[in-house]
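Have a look at the structure below, then the notes.
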Amino acid sequence: MSSILFPFESLAQPATLNAIKKAFEKYQSTPLTVEAVTGTKRTSGISYREIAVAFQDSQSLTLRIKQPGDIYQVLLNGKLLPIVNQLDHPRAVREIVDAMDAKRASFQKALARRAVKLPPAIKTAAPKMLATLTQRRDDLIVIRDGLSTQLAELTAQSA
């Protein structure tokens with residue numbers, strides 16, 4: 001692996017993306033996907049490109065890389081993460097993995113609390129199921145009443 005982990009010109013090439021994936025795997029943090037977002041963006045006079053990384057524990061990471069190849073900003077789960085080692089990429093990756101490990105428990109708690117809305121195309125069977133079960137219960141009550149009447153008639157005949 002070269003000393004420049006994030007070459008600006010070849011950021012979207014598979015070799016660069018694999019090198020980034022291996023850098024995170026070195027610290028036991030396995031990314032599911034590593035993608036370079038197409039196009040160069042510009043904010044506050046700084047041109048940068050983005051790398052989106054998704055991990056197995058549902059955490060997401062966005063690296064913003066400046067033209068010289070150093071890290072401009074890091075977004076961990078959509079929030080800015082200040083890092084000290086912007087120019088030393090192996091240390092920066094280690095710092096990012098440590099931050100992910102530190103925030104994993106709170107992220108998982110927040111993820112569990114979040115209510116998931118079903119898409120409009122998916123409908124639950126609960127309303128129809130309630131009507132079906134209510135109708136079935138009423139039918140069984142009618143059958144039970146009929147059987148108890150027959151039982152009463154048979155006991156009256158035998159007595």
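For the structure tokens, the naming scheme is as follows: chains receive sequential letters (A, B, ...) according to their order of presentation, residues are indexed from 1 within each chain, and ligands are indexed from 1 in presentation order.
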
inquiry  = Excluding Gly39 (chain A) and its own-chain neighbours fewer than 2 positions away, which residues fall within 8 Å of it when counting only C-alpha atoms? Please give them as a list in words.
reply    =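 Neighbouring residues, sequence-local ones excluded: Val37, Lys41 and Arg49 of chain A.
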
Could you write those residues out with C-alpha atoms, as a short mmCIF file (atom, residue, chain, number, x, y, z; two decimals), in the first residue's frame?
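Full text of out15.cif as output:
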```
data_model
loop_
_atom_site.label_atom_id
_atom_site.label_comp_id
_atom_site.auth_asym_id
_atom_site.auth_seq_id
_atom_site.Cartn_x
_atom_site.Cartn_y
_atom_site.Cartn_z
CA VAL A 37 -19.34 9.33 -5.26
CA LYS A 41 -17.92 19.07 -5.08
CA ARG A 49 -14.57 14.15 -3.70
#
```

**Asked** Quick one: of A:Leu32, A:Leu81, A:Ile65, A:Ala99, who's nearest to Leu11 (chain A), counting only C-alpha atoms?
**Response**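 Comparing A:Leu32, A:Leu81, A:Ile65, A:Ala99 against Leu11 (chain A), the winner is A:Ile65.
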
Would you list the contacts of Asn18 (chain A) as a PyMOL selection string, taking every protein, DNA or RNA residue within 12 Å and counting only C-alpha atoms, but skipping same-chain residues closer than 3 positions in sequence?
chain A and resi 1+5-6+11-15+21-25+30-36+53

Same residues, N, CA and C atoms, saved as a short mmCIF file (atom, residue, chain, number, x, y, z; two decimals), in the first residue's frame:
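Listed below is the output, result04.cif:
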```
data_model
loop_
_atom_site.label_atom_id
_atom_site.label_comp_id
_atom_site.auth_asym_id
_atom_site.auth_seq_id
_atom_site.Cartn_x
_atom_site.Cartn_y
_atom_site.Cartn_z
N MET A 1 0.85 -1.17 0.00
CA MET A 1 0.00 0.00 0.00
C MET A 1 0.89 1.22 0.00
N LEU A 5 -3.09 7.02 0.55
CA LEU A 5 -4.18 6.06 0.49
C LEU A 5 -5.32 6.58 -0.38
N PHE A 6 -5.47 7.90 -0.44
CA PHE A 6 -6.58 8.52 -1.15
C PHE A 6 -6.08 9.37 -2.32
N LEU A 11 -9.61 8.14 -7.53
CA LEU A 11 -10.41 7.78 -6.35
C LEU A 11 -11.48 6.74 -6.66
N ALA A 12 -12.02 6.75 -7.87
CA ALA A 12 -13.11 5.83 -8.22
C ALA A 12 -12.62 4.50 -8.78
N GLN A 13 -11.31 4.31 -8.90
CA GLN A 13 -10.81 3.06 -9.46
C GLN A 13 -10.92 1.92 -8.45
N PRO A 14 -11.19 0.72 -8.92
CA PRO A 14 -11.35 -0.43 -8.02
C PRO A 14 -10.13 -0.68 -7.14
N ALA A 15 -8.93 -0.46 -7.64
CA ALA A 15 -7.73 -0.70 -6.84
C ALA A 15 -7.69 0.22 -5.63
N LYS A 21 -10.75 -0.42 1.56
CA LYS A 21 -11.43 -1.52 2.26
C LYS A 21 -10.44 -2.31 3.11
N LYS A 22 -9.26 -2.61 2.56
CA LYS A 22 -8.25 -3.35 3.31
C LYS A 22 -7.72 -2.55 4.49
N ALA A 23 -7.64 -1.23 4.33
CA ALA A 23 -7.16 -0.39 5.43
C ALA A 23 -8.11 -0.48 6.62
N PHE A 24 -9.41 -0.52 6.37
CA PHE A 24 -10.37 -0.66 7.47
C PHE A 24 -10.38 -2.08 8.01
N GLU A 25 -10.23 -3.07 7.14
CA GLU A 25 -10.20 -4.46 7.60
C GLU A 25 -8.99 -4.74 8.49
N THR A 30 -15.02 -4.32 9.22
CA THR A 30 -15.24 -4.81 7.86
C THR A 30 -16.30 -3.97 7.14
N PRO A 31 -15.90 -3.26 6.08
CA PRO A 31 -16.90 -2.52 5.30
C PRO A 31 -17.66 -3.44 4.35
N LEU A 32 -18.95 -3.19 4.22
CA LEU A 32 -19.75 -3.94 3.26
C LEU A 32 -19.56 -3.36 1.86
N THR A 33 -19.64 -2.05 1.77
CA THR A 33 -19.45 -1.40 0.47
C THR A 33 -18.53 -0.20 0.62
N VAL A 34 -17.74 0.02 -0.40
CA VAL A 34 -16.89 1.21 -0.50
C VAL A 34 -17.13 1.77 -1.89
N GLU A 35 -17.70 2.96 -1.96
CA GLU A 35 -18.04 3.55 -3.25
C GLU A 35 -17.53 4.98 -3.31
N ALA A 36 -17.04 5.35 -4.46
CA ALA A 36 -16.65 6.74 -4.70
C ALA A 36 -17.83 7.45 -5.34
N VAL A 53 -18.69 4.75 2.68
CA VAL A 53 -18.37 3.43 3.20
C VAL A 53 -19.51 3.00 4.13
#
```

Residues near Ile71 (chain A), anyone? I mean within 7 Å using only C-alpha atoms, not counting same-chain ones fewer than 6 positions away, as a short mmCIF file (atom, residue, chain, number, x, y, z; two decimals) with N, CA and C atoms, in the first residue's frame.
```
data_model
loop_
_atom_site.label_atom_id
_atom_site.label_comp_id
_atom_site.auth_asym_id
_atom_site.auth_seq_id
_atom_site.Cartn_x
_atom_site.Cartn_y
_atom_site.Cartn_z
N LEU A 63 -16.08 9.97 3.60
CA LEU A 63 -14.79 10.64 3.63
C LEU A 63 -14.77 11.68 2.52
N ARG A 64 -14.42 12.90 2.87
CA ARG A 64 -14.28 13.95 1.87
C ARG A 64 -12.79 14.20 1.67
N ILE A 65 -12.32 13.96 0.44
CA ILE A 65 -10.90 14.00 0.12
C ILE A 65 -10.61 15.23 -0.73
N GLN A 86 -5.09 14.12 9.73
CA GLN A 86 -5.65 14.23 8.40
C GLN A 86 -4.65 13.85 7.32
N LEU A 87 -3.39 14.08 7.58
CA LEU A 87 -2.37 13.83 6.55
C LEU A 87 -1.77 12.43 6.65
#
```

Between CA of Leu140 (chain A) and CA of Ala126 (chain A), measure the distance and give it in Å to one decimal.
->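 CA of Ala126 (chain A) lies at a distance of 20.6 Å from CA of Leu140 (chain A).
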
Check chain A with DSSP on the backbone and list each residue it calls strand (DSSP E), as an MDAnalysis selection string.
chainID A and resid 31:36 41:43 46:55 60:66 71:76 79:80

Atoms to include: C-alpha atoms. Write the selected residues as a PDB file, in the first residue's frame.
```
ATOM      1  CA  PRO A  31     -16.899  -2.522   5.300  1.00  0.00           C
ATOM      2  CA  LEU A  32     -19.750  -3.936   3.259  1.00  0.00           C
ATOM      3  CA  THR A  33     -19.451  -1.400   0.469  1.00  0.00           C
ATOM      4  CA  VAL A  34     -16.891   1.214  -0.502  1.00  0.00           C
ATOM      5  CA  GLU A  35     -18.043   3.554  -3.247  1.00  0.00           C
ATOM      6  CA  ALA A  36     -16.652   6.738  -4.697  1.00  0.00           C
ATOM      7  CA  LYS A  41     -17.919  19.066  -5.079  1.00  0.00           C
ATOM      8  CA  ARG A  42     -16.933  22.483  -3.829  1.00  0.00           C
ATOM      9  CA  THR A  43     -17.651  23.994  -0.420  1.00  0.00           C
ATOM     10  CA  ILE A  46     -12.367  23.732  -1.256  1.00  0.00           C
ATOM     11  CA  SER A  47     -12.797  21.128  -3.985  1.00  0.00           C
ATOM     12  CA  TYR A  48     -13.288  17.579  -2.742  1.00  0.00           C
ATOM     13  CA  ARG A  49     -14.568  14.153  -3.702  1.00  0.00           C
ATOM     14  CA  GLU A  50     -16.490  11.788  -1.472  1.00  0.00           C
ATOM     15  CA  ILE A  51     -16.044   8.145  -0.586  1.00  0.00           C
ATOM     16  CA  ALA A  52     -19.064   6.433   0.972  1.00  0.00           C
ATOM     17  CA  VAL A  53     -18.367   3.429   3.202  1.00  0.00           C
ATOM     18  CA  ALA A  54     -21.084   1.235   4.755  1.00  0.00           C
ATOM     19  CA  PHE A  55     -20.159  -1.171   7.560  1.00  0.00           C
ATOM     20  CA  SER A  60     -22.062   4.785   7.502  1.00  0.00           C
ATOM     21  CA  LEU A  61     -18.952   6.805   6.835  1.00  0.00           C
ATOM     22  CA  THR A  62     -18.345   9.531   4.282  1.00  0.00           C
ATOM     23  CA  LEU A  63     -14.786  10.640   3.629  1.00  0.00           C
ATOM     24  CA  ARG A  64     -14.283  13.951   1.869  1.00  0.00           C
ATOM     25  CA  ILE A  65     -10.901  14.002   0.125  1.00  0.00           C
ATOM     26  CA  LYS A  66      -9.212  17.219  -1.070  1.00  0.00           C
ATOM     27  CA  ILE A  71      -8.889  14.111   4.286  1.00  0.00           C
ATOM     28  CA  TYR A  72     -10.981  17.279   4.343  1.00  0.00           C
ATOM     29  CA  GLN A  73     -13.916  16.056   6.463  1.00  0.00           C
ATOM     30  CA  VAL A  74     -15.237  12.829   7.911  1.00  0.00           C
ATOM     31  CA  LEU A  75     -18.947  12.223   8.371  1.00  0.00           C
ATOM     32  CA  LEU A  76     -19.742   9.311  10.692  1.00  0.00           C
ATOM     33  CA  LYS A  79     -22.383  13.807  11.694  1.00  0.00           C
ATOM     34  CA  LEU A  80     -19.065  15.586  11.358  1.00  0.00           C
TER      35      LEU A  80
END
```

Give one line per residue of region 31-78 of chain A that approaches region 106-117 of chain A to at most 12 Å, naming the two atoms of the closest pair and their distance in Å to one decimal, counting only C-alpha atoms; sort by chain then ascending residue number and deliver it as JSON lines.
```
{"residue": "A:Gln56", "atom": "CA", "partner": "A:Gln108", "partner_atom": "CA", "distance": 11.9}
{"residue": "A:Asp57", "atom": "CA", "partner": "A:Gln108", "partner_atom": "CA", "distance": 8.1}
{"residue": "A:Ser58", "atom": "CA", "partner": "A:Gln108", "partner_atom": "CA", "distance": 8.5}
{"residue": "A:Gln59", "atom": "CA", "partner": "A:Phe107", "partner_atom": "CA", "distance": 7.8}
{"residue": "A:Ser60", "atom": "CA", "partner": "A:Phe107", "partner_atom": "CA", "distance": 10.7}
{"residue": "A:Leu76", "atom": "CA", "partner": "A:Phe107", "partner_atom": "CA", "distance": 10.4}
{"residue": "A:Asn77", "atom": "CA", "partner": "A:Phe107", "partner_atom": "CA", "distance": 8.4}
{"residue": "A:Gly78", "atom": "CA", "partner": "A:Phe107", "partner_atom": "CA", "distance": 11.5}
```

Among the residues of chain A, find those DSSP assigns to alpha helix (DSSP H) from the backbone and print them as a PDB file with C-alpha atoms, in the first residue's frame.
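Saved file states_32.pdb follows:
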```
ATOM      1  CA  PRO A  14     -11.354  -0.425  -8.018  1.00  0.00           C
ATOM      2  CA  ALA A  15      -7.732  -0.705  -6.841  1.00  0.00           C
ATOM      3  CA  THR A  16      -8.098   2.437  -4.709  1.00  0.00           C
ATOM      4  CA  LEU A  17     -11.434   1.317  -3.287  1.00  0.00           C
ATOM      5  CA  ASN A  18      -9.980  -2.108  -2.423  1.00  0.00           C
ATOM      6  CA  ALA A  19      -7.032  -0.431  -0.691  1.00  0.00           C
ATOM      7  CA  ILE A  20      -9.450   1.608   1.408  1.00  0.00           C
ATOM      8  CA  LYS A  21     -11.430  -1.517   2.259  1.00  0.00           C
ATOM      9  CA  LYS A  22      -8.245  -3.351   3.306  1.00  0.00           C
ATOM     10  CA  ALA A  23      -7.163  -0.391   5.430  1.00  0.00           C
ATOM     11  CA  PHE A  24     -10.368  -0.656   7.468  1.00  0.00           C
ATOM     12  CA  GLU A  25     -10.199  -4.464   7.601  1.00  0.00           C
ATOM     13  CA  HIS A  89      -3.832   8.138   6.458  1.00  0.00           C
ATOM     14  CA  PRO A  90      -3.105   4.933   8.424  1.00  0.00           C
ATOM     15  CA  ARG A  91      -3.434   6.886  11.689  1.00  0.00           C
ATOM     16  CA  ALA A  92      -6.558   8.613  10.369  1.00  0.00           C
ATOM     17  CA  VAL A  93      -8.156   5.246   9.563  1.00  0.00           C
ATOM     18  CA  ARG A  94      -7.250   3.997  13.044  1.00  0.00           C
ATOM     19  CA  GLU A  95      -8.757   7.140  14.586  1.00  0.00           C
ATOM     20  CA  ILE A  96     -11.966   6.695  12.571  1.00  0.00           C
ATOM     21  CA  VAL A  97     -12.264   3.026  13.589  1.00  0.00           C
ATOM     22  CA  ASP A  98     -11.734   3.960  17.244  1.00  0.00           C
ATOM     23  CA  ALA A  99     -14.483   6.586  16.980  1.00  0.00           C
ATOM     24  CA  MET A 100     -16.791   4.027  15.377  1.00  0.00           C
ATOM     25  CA  ASP A 101     -16.102   1.556  18.185  1.00  0.00           C
ATOM     26  CA  ALA A 102     -16.737   4.222  20.827  1.00  0.00           C
ATOM     27  CA  LYS A 103     -20.051   5.293  19.282  1.00  0.00           C
ATOM     28  CA  ARG A 104     -21.301   1.843  18.318  1.00  0.00           C
ATOM     29  CA  ALA A 105     -23.430   1.223  21.430  1.00  0.00           C
ATOM     30  CA  SER A 106     -25.218   4.579  21.277  1.00  0.00           C
ATOM     31  CA  PHE A 107     -25.715   4.193  17.516  1.00  0.00           C
ATOM     32  CA  GLN A 108     -27.268   0.745  17.958  1.00  0.00           C
ATOM     33  CA  LYS A 109     -29.581   2.101  20.698  1.00  0.00           C
ATOM     34  CA  ALA A 110     -30.708   4.944  18.456  1.00  0.00           C
ATOM     35  CA  LEU A 111     -31.186   2.530  15.571  1.00  0.00           C
ATOM     36  CA  ALA A 112     -33.356   0.254  17.730  1.00  0.00           C
ATOM     37  CA  ARG A 113     -35.499   3.197  18.910  1.00  0.00           C
ATOM     38  CA  ALA A 126     -53.916  -6.854  10.956  1.00  0.00           C
ATOM     39  CA  PRO A 127     -57.132  -4.895  10.146  1.00  0.00           C
ATOM     40  CA  LYS A 128     -58.515  -7.654   7.905  1.00  0.00           C
ATOM     41  CA  MET A 129     -57.306 -10.292  10.338  1.00  0.00           C
ATOM     42  CA  LEU A 130     -59.240  -8.640  13.184  1.00  0.00           C
ATOM     43  CA  ALA A 131     -62.461  -8.661  11.148  1.00  0.00           C
ATOM     44  CA  THR A 132     -61.904 -12.283  10.084  1.00  0.00           C
ATOM     45  CA  LEU A 133     -61.230 -13.447  13.638  1.00  0.00           C
ATOM     46  CA  THR A 134     -64.239 -11.546  15.001  1.00  0.00           C
ATOM     47  CA  GLN A 135     -66.498 -13.188  12.399  1.00  0.00           C
ATOM     48  CA  ARG A 136     -65.023 -16.615  13.210  1.00  0.00           C
ATOM     49  CA  ARG A 137     -65.631 -16.028  16.937  1.00  0.00           C
ATOM     50  CA  ASP A 138     -69.264 -15.057  16.279  1.00  0.00           C
ATOM     51  CA  ASP A 139     -69.776 -18.179  14.135  1.00  0.00           C
ATOM     52  CA  LEU A 140     -68.350 -20.369  16.890  1.00  0.00           C
ATOM     53  CA  ILE A 141     -70.663 -18.746  19.455  1.00  0.00           C
ATOM     54  CA  VAL A 142     -73.672 -19.551  17.244  1.00  0.00           C
ATOM     55  CA  ILE A 143     -72.484 -23.172  16.876  1.00  0.00           C
ATOM     56  CA  ARG A 144     -71.922 -23.424  20.647  1.00  0.00           C
ATOM     57  CA  ASP A 145     -75.403 -22.091  21.378  1.00  0.00           C
ATOM     58  CA  GLY A 146     -76.914 -24.565  18.918  1.00  0.00           C
ATOM     59  CA  LEU A 147     -75.034 -27.467  20.494  1.00  0.00           C
ATOM     60  CA  SER A 148     -76.036 -26.448  24.022  1.00  0.00           C
ATOM     61  CA  THR A 149     -79.707 -26.320  22.893  1.00  0.00           C
ATOM     62  CA  GLN A 150     -79.412 -29.821  21.408  1.00  0.00           C
ATOM     63  CA  LEU A 151     -77.737 -31.032  24.598  1.00  0.00           C
ATOM     64  CA  ALA A 152     -80.558 -29.577  26.678  1.00  0.00           C
ATOM     65  CA  GLU A 153     -83.149 -31.272  24.442  1.00  0.00           C
ATOM     66  CA  LEU A 154     -81.384 -34.635  24.664  1.00  0.00           C
ATOM     67  CA  THR A 155     -81.060 -34.469  28.422  1.00  0.00           C
ATOM     68  CA  ALA A 156     -84.776 -33.534  28.684  1.00  0.00           C
ATOM     69  CA  GLN A 157     -85.727 -36.530  26.477  1.00  0.00           C
ATOM     70  CA  SER A 158     -83.627 -38.974  28.435  1.00  0.00           C
TER      71      SER A 158
END
```

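Rounded to one decimal, CA of Asp88 (chain A) and CA of Gly45 (chain A) lie 23.0 Å from each other.
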